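Engineer: After the structure tokens below, expect a handful of questions from me.
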Amino acid sequence: MRITAEAKQETRSRILEISKRLFRDHGFEETTVRDIAREVGMATGTLFNYFRSKEEVAIALAEEALEKARLQFRRKRHQGATLQEDLFLHVSTQLRALRPIRQFINPVIESALATPFPESGSESSRRMRTEQIETVSSVLNEHTVDPERWSMTVPIYWSLYVGVLAFWGHDSSPKQEDSLAMLDQSINMFVAWLETAG
Amino acid sequence: MAPNIAELIAALPEDTLDDVPQISDDRLHAIFEQLSTRPVPVGSFQRLWAIGGLQAKLTFAYLAYYVRTWFHSSDNKEQQLIETNLRAAFKTLQTMGYLRGAVMKVGQILAASPEILPDQFAELLEKLHFEAPPMHYSLLREHVENELGDDPGEIFDDFETESFAAASLGQVHRARLRSGESVAVKIQYPGIARTIRTDIANLRRLLFPLRISKDWDSLNAQFGEAQAVLESETDYEQESASLKEARAAFREDDGIVVPRVYDQYSTRRILTMELVDGDDYKKFLASNPSQEVRNRFGELILRTGMRLYFSHRLLYSDFHPGNFLFREDGRLGFIDFGGLRRFNDEEWALMARDGYFAMTTSNRQDLLDYIQRSLMFSDQEMEARPDVVGVVEEWANYYWQPLRFDGRFDYGDPDYFRLGASLWKKAAKLRVLRQRPVNIFAHRCNFELCALLYRLRAQVECRRIYEEEIEALGWLV
């Protein structure tokens, strides 16, 4: 019997849904691939056809969330926004979309976002980083930031971006308000750097 | 083992802001002038990097001065103070950003301890009260969505993305509710309230080596008090409750407008209230108002404090000019209620009721008995410290002078204002305020009120207002 692409997609979505619940209820560390397979009702070997590790499952969940965030970012951008505002919006929409998986954002950072370089890691982590850099790049271009400086800009932006994500993952302040302040400061710092470097 | 006082002083560096180059008086003056006239810089990369350390440095600079003045009486004390203030103010303005509220609040607490009465710093704080750099709209809308559950554009029929007023802890935006009312939405910078709590906790920790001094208990109690007041200023739910209580305290014919709160759009971090029209005091004074108009507003300001005090046992300790609006219709807008402190029964009985009777008696011994209770002095201490008793008596008479005056008392008289400042300094030197934590707030309230009325050059029928306000208490004989 052949499995249709549609059925495959459905199974994949089910794996993601169930994993999200297991990670949330039992913790990322405590959940094994075997637990996920059992809950989905498939052999562990079959699950490996979809995801090679639980980290990949987490990355796929993050990718889905970031896709939603991208749409939100486009929808929420407003006329006359400054570079700070656009960059802030870009990251804050991500944080909002990633909220359901905040508890296990660390493994995502470690396995997919640790470096900005698109050549390393799994296919989906490469996609995430590329999308990220392209969006930031296009925002900078729209605000007429000289693309010549891009090679220096990426590592700086990336360290602030990952720093904010990691901070947010551990943020115990009410409604993660400290992360908003942290993001605001980081973006200000980044833009100030662009200005002084220019 | 904790260091003794001498060791502690020796350990304090003479210049804790050691990365600020030494600058001459002229240069300091020029910097101050320059800072007073230009907008607050939002900072560069290097400045922003330095932000974490700034707070500690500022705190330490003030602390160093604070501790030194307890034990030193050098001739150049005044000079040292001015330099410390200006350098701190300079550094503050350079890096004012996320920490602006915290830095300002910490500065204010120390400023409330009158060993340091930093006029220069206070003037800068006042400026920042109006001109702090704003949160941008992307940050705001995210914060509003976290607090109120939706984008401001969805919640309100109209929301102005530019703020129209800045406060030390946030900023205020005009908006219109879907039901049509114009409102002011006060939004606190995310996380600032907890930053302040941390500041105070750190300050207390820094002061801990002083616990062996005889003043420790009262100093510690004052910090506790300061902490409580600052926390109340950062909790908009509490401010909302105060607003409602104050709104109920004034009648239509009082001429005092307190905005209504919209609970549905308010949280601990966001306060949505009716938009009250009016000019701020700078615009008001720039319009060169007549003496009659100045007097009227002066009386209304005095009435706000007295009404809350006598009818509601609330001490309004924040007579900042930015908290009032001067309306064309002659009414006063009273718009900020972060600085309210409620008296407990004991404090109320001592400060208001017994204070009234002590000040209105013709028998000086009654007043001295009252001072003894207020200072918590034994009979021996009363004998041994005529200097302290003398200052408190002088001070009590100073504040009562307008209340005893028949007709309009001229708060614009510079001699009267200067006398108050010199009494405060004298009292501070003798540390007469330290016995009861509430004292420092009561005097801050009185002195700020005098300062505000002085600025307005108002002539006020103090006694009449006072008698009207206490009439209901049945104290008048």
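Labeling convention for the structure tokens: chains A, B, ... as they appear, residues from 1 per chain, ligands from 1 in order of appearance.
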Enumerate the residues of range 38-81 of chain A with a DSSP assignment of helix (DSSP H, G or I), computed from the backbone, and present them as an MDAnalysis selection string.

Structural biologist: chainID A and resid 38:40 44:50 54:76

Engineer: Quick one: which chain A residues come within 6 Å of chain B, and what is the nearest atom pair for each with the distance in Å to one decimal, counting only C-alpha atoms, rows ordered by chain and ascending number, as a Markdown table?

Structural biologist:
```
| residue | atom | partner | partner_atom | distance |
| --- | --- | --- | --- | --- |
| A:Glu85 | CA | B:Ser138 | CA | 5.2 |
| A:Leu89 | CA | B:Ser138 | CA | 5.6 |
| A:Glu177 | CA | B:Pro190 | CA | 5.2 |
| A:Asp178 | CA | B:Gly191 | CA | 5.1 |
| A:Ala181 | CA | B:Pro190 | CA | 6.0 |
| A:Met189 | CA | B:Phe45 | CA | 5.4 |
| A:Ala192 | CA | B:Phe45 | CA | 5.0 |
| A:Trp193 | CA | B:Phe45 | CA | 5.2 |
```

Engineer: When you look at Asn295 in chain B with a cut-off of 12 Å (counting only C-alpha atoms), what residues show up, excluding the ones that are within fewer than 6 positions of it in the same chain? I need them as a PDB file with all heavy atoms, in the first residue's frame.

Structural biologist:
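And here's part01.pdb as it stands now:
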```pdb
ATOM      1  N   PRO B 289       0.120  84.541  33.734  1.00  0.00           N
ATOM      2  CA  PRO B 289      -1.209  84.668  34.339  1.00  0.00           C
ATOM      3  C   PRO B 289      -1.258  85.793  35.370  1.00  0.00           C
ATOM      4  O   PRO B 289      -0.235  86.144  35.967  1.00  0.00           O
ATOM      5  CB  PRO B 289      -1.397  83.312  35.031  1.00  0.00           C
ATOM      6  CG  PRO B 289      -0.032  82.779  35.248  1.00  0.00           C
ATOM      7  CD  PRO B 289       0.814  83.299  34.138  1.00  0.00           C
ATOM      8  N   ILE B 301      -4.552  73.934  44.592  1.00  0.00           N
ATOM      9  CA  ILE B 301      -3.492  72.945  44.869  1.00  0.00           C
ATOM     10  C   ILE B 301      -3.433  72.654  46.358  1.00  0.00           C
ATOM     11  O   ILE B 301      -3.365  71.507  46.788  1.00  0.00           O
ATOM     12  CB  ILE B 301      -2.136  73.452  44.328  1.00  0.00           C
ATOM     13  CG1 ILE B 301      -2.133  73.352  42.801  1.00  0.00           C
ATOM     14  CG2 ILE B 301      -0.976  72.656  44.908  1.00  0.00           C
ATOM     15  CD1 ILE B 301      -0.983  74.044  42.113  1.00  0.00           C
ATOM     16  N   LEU B 302      -3.488  73.709  47.154  1.00  0.00           N
ATOM     17  CA  LEU B 302      -3.465  73.518  48.599  1.00  0.00           C
ATOM     18  C   LEU B 302      -4.659  72.669  49.052  1.00  0.00           C
ATOM     19  O   LEU B 302      -4.546  71.788  49.901  1.00  0.00           O
ATOM     20  CB  LEU B 302      -3.490  74.879  49.295  1.00  0.00           C
ATOM     21  CG  LEU B 302      -3.324  74.846  50.801  1.00  0.00           C
ATOM     22  CD1 LEU B 302      -1.905  74.433  51.177  1.00  0.00           C
ATOM     23  CD2 LEU B 302      -3.631  76.205  51.416  1.00  0.00           C
ATOM     24  N   GLY B 330     -10.679  77.530  34.706  1.00  0.00           N
ATOM     25  CA  GLY B 330     -10.339  77.897  36.081  1.00  0.00           C
ATOM     26  C   GLY B 330     -10.244  76.710  37.019  1.00  0.00           C
ATOM     27  O   GLY B 330      -9.880  76.857  38.182  1.00  0.00           O
ATOM     28  N   ARG B 408      -4.321  86.636  52.793  1.00  0.00           N
ATOM     29  CA  ARG B 408      -3.562  85.857  51.810  1.00  0.00           C
ATOM     30  C   ARG B 408      -2.091  85.752  52.212  1.00  0.00           C
ATOM     31  O   ARG B 408      -1.414  86.782  52.322  1.00  0.00           O
ATOM     32  CB  ARG B 408      -3.654  86.514  50.438  1.00  0.00           C
ATOM     33  CG  ARG B 408      -5.035  86.451  49.855  1.00  0.00           C
ATOM     34  CD  ARG B 408      -5.049  86.813  48.383  1.00  0.00           C
ATOM     35  NE  ARG B 408      -6.397  86.608  47.872  1.00  0.00           N
ATOM     36  CZ  ARG B 408      -6.863  85.440  47.498  1.00  0.00           C
ATOM     37  NH1 ARG B 408      -6.078  84.369  47.543  1.00  0.00           N
ATOM     38  NH2 ARG B 408      -8.088  85.310  47.069  1.00  0.00           N
ATOM     39  N   PHE B 409      -1.614  84.557  52.352  1.00  0.00           N
ATOM     40  CA  PHE B 409      -0.203  84.368  52.666  1.00  0.00           C
ATOM     41  C   PHE B 409       0.586  84.299  51.362  1.00  0.00           C
ATOM     42  O   PHE B 409       0.220  83.549  50.443  1.00  0.00           O
ATOM     43  CB  PHE B 409       0.006  83.092  53.485  1.00  0.00           C
ATOM     44  CG  PHE B 409       1.429  82.919  53.915  1.00  0.00           C
ATOM     45  CD1 PHE B 409       1.901  83.577  55.038  1.00  0.00           C
ATOM     46  CD2 PHE B 409       2.303  82.134  53.177  1.00  0.00           C
ATOM     47  CE1 PHE B 409       3.229  83.449  55.421  1.00  0.00           C
ATOM     48  CE2 PHE B 409       3.626  82.005  53.551  1.00  0.00           C
ATOM     49  CZ  PHE B 409       4.090  82.669  54.685  1.00  0.00           C
ATOM     50  N   ASP B 410       1.698  85.024  51.302  1.00  0.00           N
ATOM     51  CA  ASP B 410       2.454  85.101  50.052  1.00  0.00           C
ATOM     52  C   ASP B 410       3.526  84.002  49.986  1.00  0.00           C
ATOM     53  O   ASP B 410       4.622  84.157  50.507  1.00  0.00           O
ATOM     54  CB  ASP B 410       3.111  86.487  49.941  1.00  0.00           C
ATOM     55  CG  ASP B 410       3.805  86.667  48.593  1.00  0.00           C
ATOM     56  OD1 ASP B 410       3.672  85.752  47.737  1.00  0.00           O
ATOM     57  OD2 ASP B 410       4.453  87.701  48.398  1.00  0.00           O
ATOM     58  N   TYR B 411       3.187  82.914  49.311  1.00  0.00           N
ATOM     59  CA  TYR B 411       4.156  81.828  49.159  1.00  0.00           C
ATOM     60  C   TYR B 411       5.295  82.214  48.207  1.00  0.00           C
ATOM     61  O   TYR B 411       6.309  81.555  48.150  1.00  0.00           O
ATOM     62  CB  TYR B 411       3.468  80.554  48.640  1.00  0.00           C
ATOM     63  CG  TYR B 411       2.842  79.721  49.735  1.00  0.00           C
ATOM     64  CD1 TYR B 411       1.488  79.814  50.025  1.00  0.00           C
ATOM     65  CD2 TYR B 411       3.614  78.839  50.488  1.00  0.00           C
ATOM     66  CE1 TYR B 411       0.909  79.054  51.028  1.00  0.00           C
ATOM     67  CE2 TYR B 411       3.047  78.077  51.494  1.00  0.00           C
ATOM     68  CZ  TYR B 411       1.695  78.180  51.760  1.00  0.00           C
ATOM     69  OH  TYR B 411       1.143  77.431  52.754  1.00  0.00           O
ATOM     70  N   GLY B 412       5.057  83.255  47.437  1.00  0.00           N
ATOM     71  CA  GLY B 412       6.089  83.702  46.502  1.00  0.00           C
ATOM     72  C   GLY B 412       7.209  84.485  47.172  1.00  0.00           C
ATOM     73  O   GLY B 412       8.175  84.863  46.514  1.00  0.00           O
ATOM     74  N   LEU B 453       4.048  76.244  45.278  1.00  0.00           N
ATOM     75  CA  LEU B 453       3.338  77.522  45.447  1.00  0.00           C
ATOM     76  C   LEU B 453       4.296  78.700  45.280  1.00  0.00           C
ATOM     77  O   LEU B 453       3.908  79.764  44.798  1.00  0.00           O
ATOM     78  CB  LEU B 453       2.647  77.555  46.817  1.00  0.00           C
ATOM     79  CG  LEU B 453       1.544  76.504  46.999  1.00  0.00           C
ATOM     80  CD1 LEU B 453       0.977  76.539  48.407  1.00  0.00           C
ATOM     81  CD2 LEU B 453       0.426  76.687  45.980  1.00  0.00           C
ATOM     82  N   TYR B 454       5.544  78.476  45.654  1.00  0.00           N
ATOM     83  CA  TYR B 454       6.563  79.519  45.458  1.00  0.00           C
ATOM     84  C   TYR B 454       6.759  79.774  43.960  1.00  0.00           C
ATOM     85  O   TYR B 454       6.794  80.909  43.504  1.00  0.00           O
ATOM     86  CB  TYR B 454       7.871  79.071  46.115  1.00  0.00           C
ATOM     87  CG  TYR B 454       9.065  79.918  45.768  1.00  0.00           C
ATOM     88  CD1 TYR B 454       9.161  81.225  46.216  1.00  0.00           C
ATOM     89  CD2 TYR B 454      10.095  79.411  44.974  1.00  0.00           C
ATOM     90  CE1 TYR B 454      10.255  82.013  45.892  1.00  0.00           C
ATOM     91  CE2 TYR B 454      11.192  80.192  44.650  1.00  0.00           C
ATOM     92  CZ  TYR B 454      11.267  81.488  45.106  1.00  0.00           C
ATOM     93  OH  TYR B 454      12.348  82.271  44.776  1.00  0.00           O
ATOM     94  N   ARG B 455       6.859  78.690  43.205  1.00  0.00           N
ATOM     95  CA  ARG B 455       7.043  78.828  41.759  1.00  0.00           C
ATOM     96  C   ARG B 455       5.864  79.540  41.108  1.00  0.00           C
ATOM     97  O   ARG B 455       6.023  80.284  40.168  1.00  0.00           O
ATOM     98  CB  ARG B 455       7.186  77.452  41.114  1.00  0.00           C
ATOM     99  CG  ARG B 455       8.616  77.109  40.842  1.00  0.00           C
ATOM    100  CD  ARG B 455       8.671  75.849  40.084  1.00  0.00           C
ATOM    101  NE  ARG B 455       9.092  74.793  40.977  1.00  0.00           N
ATOM    102  CZ  ARG B 455       9.573  73.638  40.542  1.00  0.00           C
ATOM    103  NH1 ARG B 455       9.659  73.412  39.271  1.00  0.00           N
ATOM    104  NH2 ARG B 455       9.966  72.722  41.382  1.00  0.00           N
ATOM    105  N   LEU B 456       4.675  79.241  41.621  1.00  0.00           N
ATOM    106  CA  LEU B 456       3.480  79.886  41.063  1.00  0.00           C
ATOM    107  C   LEU B 456       3.345  81.327  41.540  1.00  0.00           C
ATOM    108  O   LEU B 456       2.511  82.072  41.051  1.00  0.00           O
ATOM    109  CB  LEU B 456       2.219  79.113  41.473  1.00  0.00           C
ATOM    110  CG  LEU B 456       2.016  77.719  40.893  1.00  0.00           C
ATOM    111  CD1 LEU B 456       0.758  77.089  41.468  1.00  0.00           C
ATOM    112  CD2 LEU B 456       1.914  77.775  39.382  1.00  0.00           C
ATOM    113  N   ARG B 457       4.185  81.707  42.532  1.00  0.00           N
ATOM    114  CA  ARG B 457       4.067  83.027  43.176  1.00  0.00           C
ATOM    115  C   ARG B 457       2.629  83.249  43.641  1.00  0.00           C
ATOM    116  O   ARG B 457       2.028  84.309  43.418  1.00  0.00           O
ATOM    117  CB  ARG B 457       4.459  84.158  42.202  1.00  0.00           C
ATOM    118  CG  ARG B 457       5.839  84.014  41.594  1.00  0.00           C
ATOM    119  CD  ARG B 457       6.914  84.480  42.582  1.00  0.00           C
ATOM    120  NE  ARG B 457       8.234  84.420  41.992  1.00  0.00           N
ATOM    121  CZ  ARG B 457       9.050  83.359  42.047  1.00  0.00           C
ATOM    122  NH1 ARG B 457       8.673  82.257  42.672  1.00  0.00           N
ATOM    123  NH2 ARG B 457      10.244  83.406  41.498  1.00  0.00           N
ATOM    124  N   ALA B 458       2.090  82.238  44.291  1.00  0.00           N
ATOM    125  CA  ALA B 458       0.683  82.295  44.691  1.00  0.00           C
ATOM    126  C   ALA B 458       0.537  82.901  46.083  1.00  0.00           C
ATOM    127  O   ALA B 458       1.363  82.677  46.966  1.00  0.00           O
ATOM    128  CB  ALA B 458       0.101  80.890  44.677  1.00  0.00           C
ATOM    129  N   GLN B 459      -0.517  83.678  46.234  1.00  0.00           N
ATOM    130  CA  GLN B 459      -0.885  84.216  47.555  1.00  0.00           C
ATOM    131  C   GLN B 459      -2.181  83.511  47.950  1.00  0.00           C
ATOM    132  O   GLN B 459      -3.184  83.617  47.249  1.00  0.00           O
ATOM    133  CB  GLN B 459      -1.065  85.728  47.483  1.00  0.00           C
ATOM    134  CG  GLN B 459       0.232  86.437  47.119  1.00  0.00           C
ATOM    135  CD  GLN B 459       0.016  87.856  46.633  1.00  0.00           C
ATOM    136  OE1 GLN B 459      -1.123  88.291  46.418  1.00  0.00           O
ATOM    137  NE2 GLN B 459       1.100  88.585  46.449  1.00  0.00           N
ATOM    138  N   VAL B 460      -2.121  82.824  49.062  1.00  0.00           N
ATOM    139  CA  VAL B 460      -3.184  81.869  49.345  1.00  0.00           C
ATOM    140  C   VAL B 460      -3.802  82.110  50.719  1.00  0.00           C
ATOM    141  O   VAL B 460      -3.088  82.328  51.700  1.00  0.00           O
ATOM    142  CB  VAL B 460      -2.599  80.429  49.282  1.00  0.00           C
ATOM    143  CG1 VAL B 460      -3.641  79.398  49.638  1.00  0.00           C
ATOM    144  CG2 VAL B 460      -2.039  80.150  47.888  1.00  0.00           C
ATOM    145  N   GLU B 461      -5.115  82.035  50.755  1.00  0.00           N
ATOM    146  CA  GLU B 461      -5.808  82.139  52.043  1.00  0.00           C
ATOM    147  C   GLU B 461      -5.761  80.777  52.736  1.00  0.00           C
ATOM    148  O   GLU B 461      -6.752  80.050  52.811  1.00  0.00           O
ATOM    149  CB  GLU B 461      -7.264  82.539  51.827  1.00  0.00           C
ATOM    150  CG  GLU B 461      -7.471  84.026  51.663  1.00  0.00           C
ATOM    151  CD  GLU B 461      -8.934  84.372  51.687  1.00  0.00           C
ATOM    152  OE1 GLU B 461      -9.588  84.251  50.639  1.00  0.00           O
ATOM    153  OE2 GLU B 461      -9.445  84.719  52.761  1.00  0.00           O
ATOM    154  N   CYS B 462      -4.620  80.521  53.246  1.00  0.00           N
ATOM    155  CA  CYS B 462      -4.350  79.212  53.820  1.00  0.00           C
ATOM    156  C   CYS B 462      -5.266  78.869  54.987  1.00  0.00           C
ATOM    157  O   CYS B 462      -5.806  77.776  55.091  1.00  0.00           O
ATOM    158  CB  CYS B 462      -2.943  79.262  54.375  1.00  0.00           C
ATOM    159  SG  CYS B 462      -1.865  78.174  53.606  1.00  0.00           S
TER     160      CYS B 462
END
```

Engineer: Which of these residues is nearest to Leu300 in chain B, using only C-alpha atoms: B:Asp263, B:Asp254, B:Glu145, B:Asp318?

Structural biologist: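 Under the stated criterion, the closest residue is B:Asp254.
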
Engineer: DSSP on the backbone: which residues in range 142-349 of chain B end up as strand (DSSP E)? Give the answer as number ranges by chain.

Structural biologist: B: 158-159, 165-166, 170-176, 182-188, 256-257, 270-274, 314-316, 324-326, 332-334, 340-342

Engineer: Between CA of Trp424 in chain B and CA of Val389 in chain B, what is the spacing in Å?

Structural biologist: 13.9 Å

Engineer: With distances taken over only C-alpha atoms, which residue among B:Ser266, B:Ala165, B:Gly420, B:Asp387 lies nearest Phe447 in chain B?

Structural biologist: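 Among the listed residues, B:Gly420 lies closest to Phe447 in chain B.
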
Engineer: Neighbours of range 22-25 of chain A within 12 Å (only C-alpha atoms; same-chain residues fewer than 3 positions away dropped), as an mmCIF file with N, CA, C and O atoms, in the first residue's frame?

Structural biologist:
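File produced: result06.cif:
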```cif
data_model
loop_
_atom_site.group_PDB
_atom_site.id
_atom_site.type_symbol
_atom_site.label_atom_id
_atom_site.label_comp_id
_atom_site.auth_asym_id
_atom_site.auth_seq_id
_atom_site.Cartn_x
_atom_site.Cartn_y
_atom_site.Cartn_z
ATOM 1 N N ILE A 15 2.291 14.001 14.648
ATOM 2 C CA ILE A 15 3.511 13.818 15.454
ATOM 3 C C ILE A 15 3.880 15.137 16.145
ATOM 4 O O ILE A 15 4.200 15.179 17.330
ATOM 5 N N LEU A 16 3.809 16.215 15.375
ATOM 6 C CA LEU A 16 4.180 17.523 15.941
ATOM 7 C C LEU A 16 3.245 17.918 17.081
ATOM 8 O O LEU A 16 3.685 18.384 18.140
ATOM 9 N N GLU A 17 1.962 17.715 16.851
ATOM 10 C CA GLU A 17 0.958 18.081 17.856
ATOM 11 C C GLU A 17 1.182 17.312 19.158
ATOM 12 O O GLU A 17 1.221 17.881 20.255
ATOM 13 N N ILE A 18 1.342 15.999 19.007
ATOM 14 C CA ILE A 18 1.517 15.135 20.182
ATOM 15 C C ILE A 18 2.849 15.438 20.883
ATOM 16 O O ILE A 18 2.917 15.512 22.105
ATOM 17 N N SER A 19 3.877 15.664 20.088
ATOM 18 C CA SER A 19 5.186 15.979 20.697
ATOM 19 C C SER A 19 5.103 17.262 21.507
ATOM 20 O O SER A 19 5.647 17.357 22.609
ATOM 21 N N PHE A 28 11.042 18.565 27.875
ATOM 22 C CA PHE A 28 11.741 18.114 26.673
ATOM 23 C C PHE A 28 12.738 17.014 27.004
ATOM 24 O O PHE A 28 12.820 15.986 26.324
ATOM 25 N N GLU A 29 13.491 17.217 28.084
ATOM 26 C CA GLU A 29 14.531 16.255 28.457
ATOM 27 C C GLU A 29 13.928 14.890 28.764
ATOM 28 O O GLU A 29 14.486 13.851 28.402
ATOM 29 N N GLU A 30 12.792 14.909 29.461
ATOM 30 C CA GLU A 30 12.193 13.648 29.929
ATOM 31 C C GLU A 30 11.484 12.883 28.807
ATOM 32 O O GLU A 30 11.219 11.694 28.947
ATOM 33 N N THR A 31 11.148 13.552 27.744
ATOM 34 C CA THR A 31 10.406 12.884 26.671
ATOM 35 C C THR A 31 11.378 12.202 25.700
ATOM 36 O O THR A 31 12.345 12.826 25.259
ATOM 37 N N THR A 32 11.104 10.923 25.372
ATOM 38 C CA THR A 32 11.971 10.217 24.413
ATOM 39 C C THR A 32 11.236 10.038 23.091
ATOM 40 O O THR A 32 10.006 10.194 23.025
ATOM 41 N N VAL A 33 12.001 9.704 22.056
ATOM 42 C CA VAL A 33 11.386 9.434 20.744
ATOM 43 C C VAL A 33 10.421 8.259 20.884
ATOM 44 O O VAL A 33 9.340 8.231 20.281
ATOM 45 N N ARG A 34 10.803 7.314 21.720
ATOM 46 C CA ARG A 34 9.943 6.145 21.953
ATOM 47 C C ARG A 34 8.587 6.580 22.547
ATOM 48 O O ARG A 34 7.525 6.098 22.117
ATOM 49 N N ASP A 35 8.642 7.527 23.498
ATOM 50 C CA ASP A 35 7.388 8.042 24.094
ATOM 51 C C ASP A 35 6.490 8.635 23.002
ATOM 52 O O ASP A 35 5.281 8.421 22.976
ATOM 53 N N ILE A 36 7.121 9.399 22.133
ATOM 54 C CA ILE A 36 6.342 10.069 21.075
ATOM 55 C C ILE A 36 5.716 9.016 20.168
ATOM 56 O O ILE A 36 4.511 9.056 19.872
ATOM 57 N N ALA A 37 6.536 8.038 19.756
ATOM 58 C CA ALA A 37 6.047 6.998 18.843
ATOM 59 C C ALA A 37 4.878 6.231 19.479
ATOM 60 O O ALA A 37 3.850 5.982 18.831
ATOM 61 N N ARG A 38 5.052 5.906 20.754
ATOM 62 C CA ARG A 38 3.989 5.161 21.443
ATOM 63 C C ARG A 38 2.684 5.960 21.444
ATOM 64 O O ARG A 38 1.615 5.464 21.138
ATOM 65 N N GLU A 39 2.812 7.232 21.761
ATOM 66 C CA GLU A 39 1.613 8.093 21.857
ATOM 67 C C GLU A 39 0.955 8.282 20.479
ATOM 68 O O GLU A 39 -0.258 8.322 20.354
ATOM 69 N N VAL A 40 1.792 8.375 19.453
ATOM 70 C CA VAL A 40 1.237 8.548 18.093
ATOM 71 C C VAL A 40 0.655 7.222 17.599
ATOM 72 O O VAL A 40 -0.271 7.202 16.776
ATOM 73 N N LYS A 54 14.367 13.934 18.470
ATOM 74 C CA LYS A 54 13.347 14.813 19.071
ATOM 75 C C LYS A 54 13.732 16.278 18.864
ATOM 76 O O LYS A 54 12.875 17.160 18.828
ATOM 77 N N GLU A 55 15.041 16.541 18.727
ATOM 78 C CA GLU A 55 15.472 17.915 18.439
ATOM 79 C C GLU A 55 14.883 18.379 17.102
ATOM 80 O O GLU A 55 14.444 19.517 16.959
ATOM 81 N N VAL A 57 12.154 17.369 15.849
ATOM 82 C CA VAL A 57 10.724 17.640 16.070
ATOM 83 C C VAL A 57 10.571 19.069 16.608
ATOM 84 O O VAL A 57 9.738 19.852 16.127
ATOM 85 N N ALA A 58 11.400 19.403 17.591
ATOM 86 C CA ALA A 58 11.329 20.749 18.184
ATOM 87 C C ALA A 58 11.624 21.820 17.133
ATOM 88 O O ALA A 58 10.954 22.860 17.076
ATOM 89 N N LEU A 61 8.656 22.310 14.957
ATOM 90 C CA LEU A 61 7.628 23.104 15.649
ATOM 91 C C LEU A 61 7.989 24.583 15.601
ATOM 92 O O LEU A 61 7.139 25.447 15.365
ATOM 93 N N ARG A 99 5.599 31.262 21.608
ATOM 94 C CA ARG A 99 5.201 31.129 23.009
ATOM 95 C C ARG A 99 4.778 29.703 23.409
ATOM 96 O O ARG A 99 5.199 29.214 24.451
ATOM 97 N N PRO A 100 3.984 29.001 22.587
ATOM 98 C CA PRO A 100 3.577 27.650 23.005
ATOM 99 C C PRO A 100 4.756 26.678 23.151
ATOM 100 O O PRO A 100 4.606 25.631 23.778
ATOM 101 N N ILE A 101 5.898 27.022 22.567
ATOM 102 C CA ILE A 101 7.037 26.096 22.692
ATOM 103 C C ILE A 101 8.207 26.730 23.447
ATOM 104 O O ILE A 101 9.343 26.297 23.345
ATOM 105 N N ARG A 102 7.883 27.758 24.224
ATOM 106 C CA ARG A 102 8.938 28.484 24.952
ATOM 107 C C ARG A 102 9.749 27.558 25.852
ATOM 108 O O ARG A 102 10.967 27.684 25.953
ATOM 109 N N GLN A 103 9.061 26.640 26.492
ATOM 110 C CA GLN A 103 9.728 25.720 27.415
ATOM 111 C C GLN A 103 10.887 24.966 26.769
ATOM 112 O O GLN A 103 11.821 24.584 27.439
ATOM 113 N N PHE A 104 10.751 24.683 25.498
ATOM 114 C CA PHE A 104 11.839 23.914 24.871
ATOM 115 C C PHE A 104 12.486 24.677 23.716
ATOM 116 O O PHE A 104 12.867 24.107 22.709
ATOM 117 N N ILE A 105 12.637 25.994 23.938
ATOM 118 C CA ILE A 105 13.301 26.790 22.907
ATOM 119 C C ILE A 105 14.825 26.551 22.943
ATOM 120 O O ILE A 105 15.508 26.675 21.928
ATOM 121 N N PRO A 107 16.733 23.729 23.238
ATOM 122 C CA PRO A 107 17.247 22.745 22.269
ATOM 123 C C PRO A 107 17.153 23.240 20.832
ATOM 124 O O PRO A 107 17.998 22.904 20.001
#
```

Engineer: Just want the 7 Å neighbourhood of range 440-446 of chain B, counted on only C-alpha atoms, with same-chain residues fewer than 4 positions away dropped. Output as a PyMOL selection string.

Structural biologist: chain B and resi 316-319+433+450

Engineer: Report as a PyMOL selection string all protein, DNA and RNA residues lying within 12 Å of range 119-129 of chain A, evaluated on only C-alpha atoms, omitting residues in the same chain fewer than 5 positions from it.

Structural biologist: chain A and resi 51-53+55-67+69-70+94+107-114+134-137+154+158+161-162
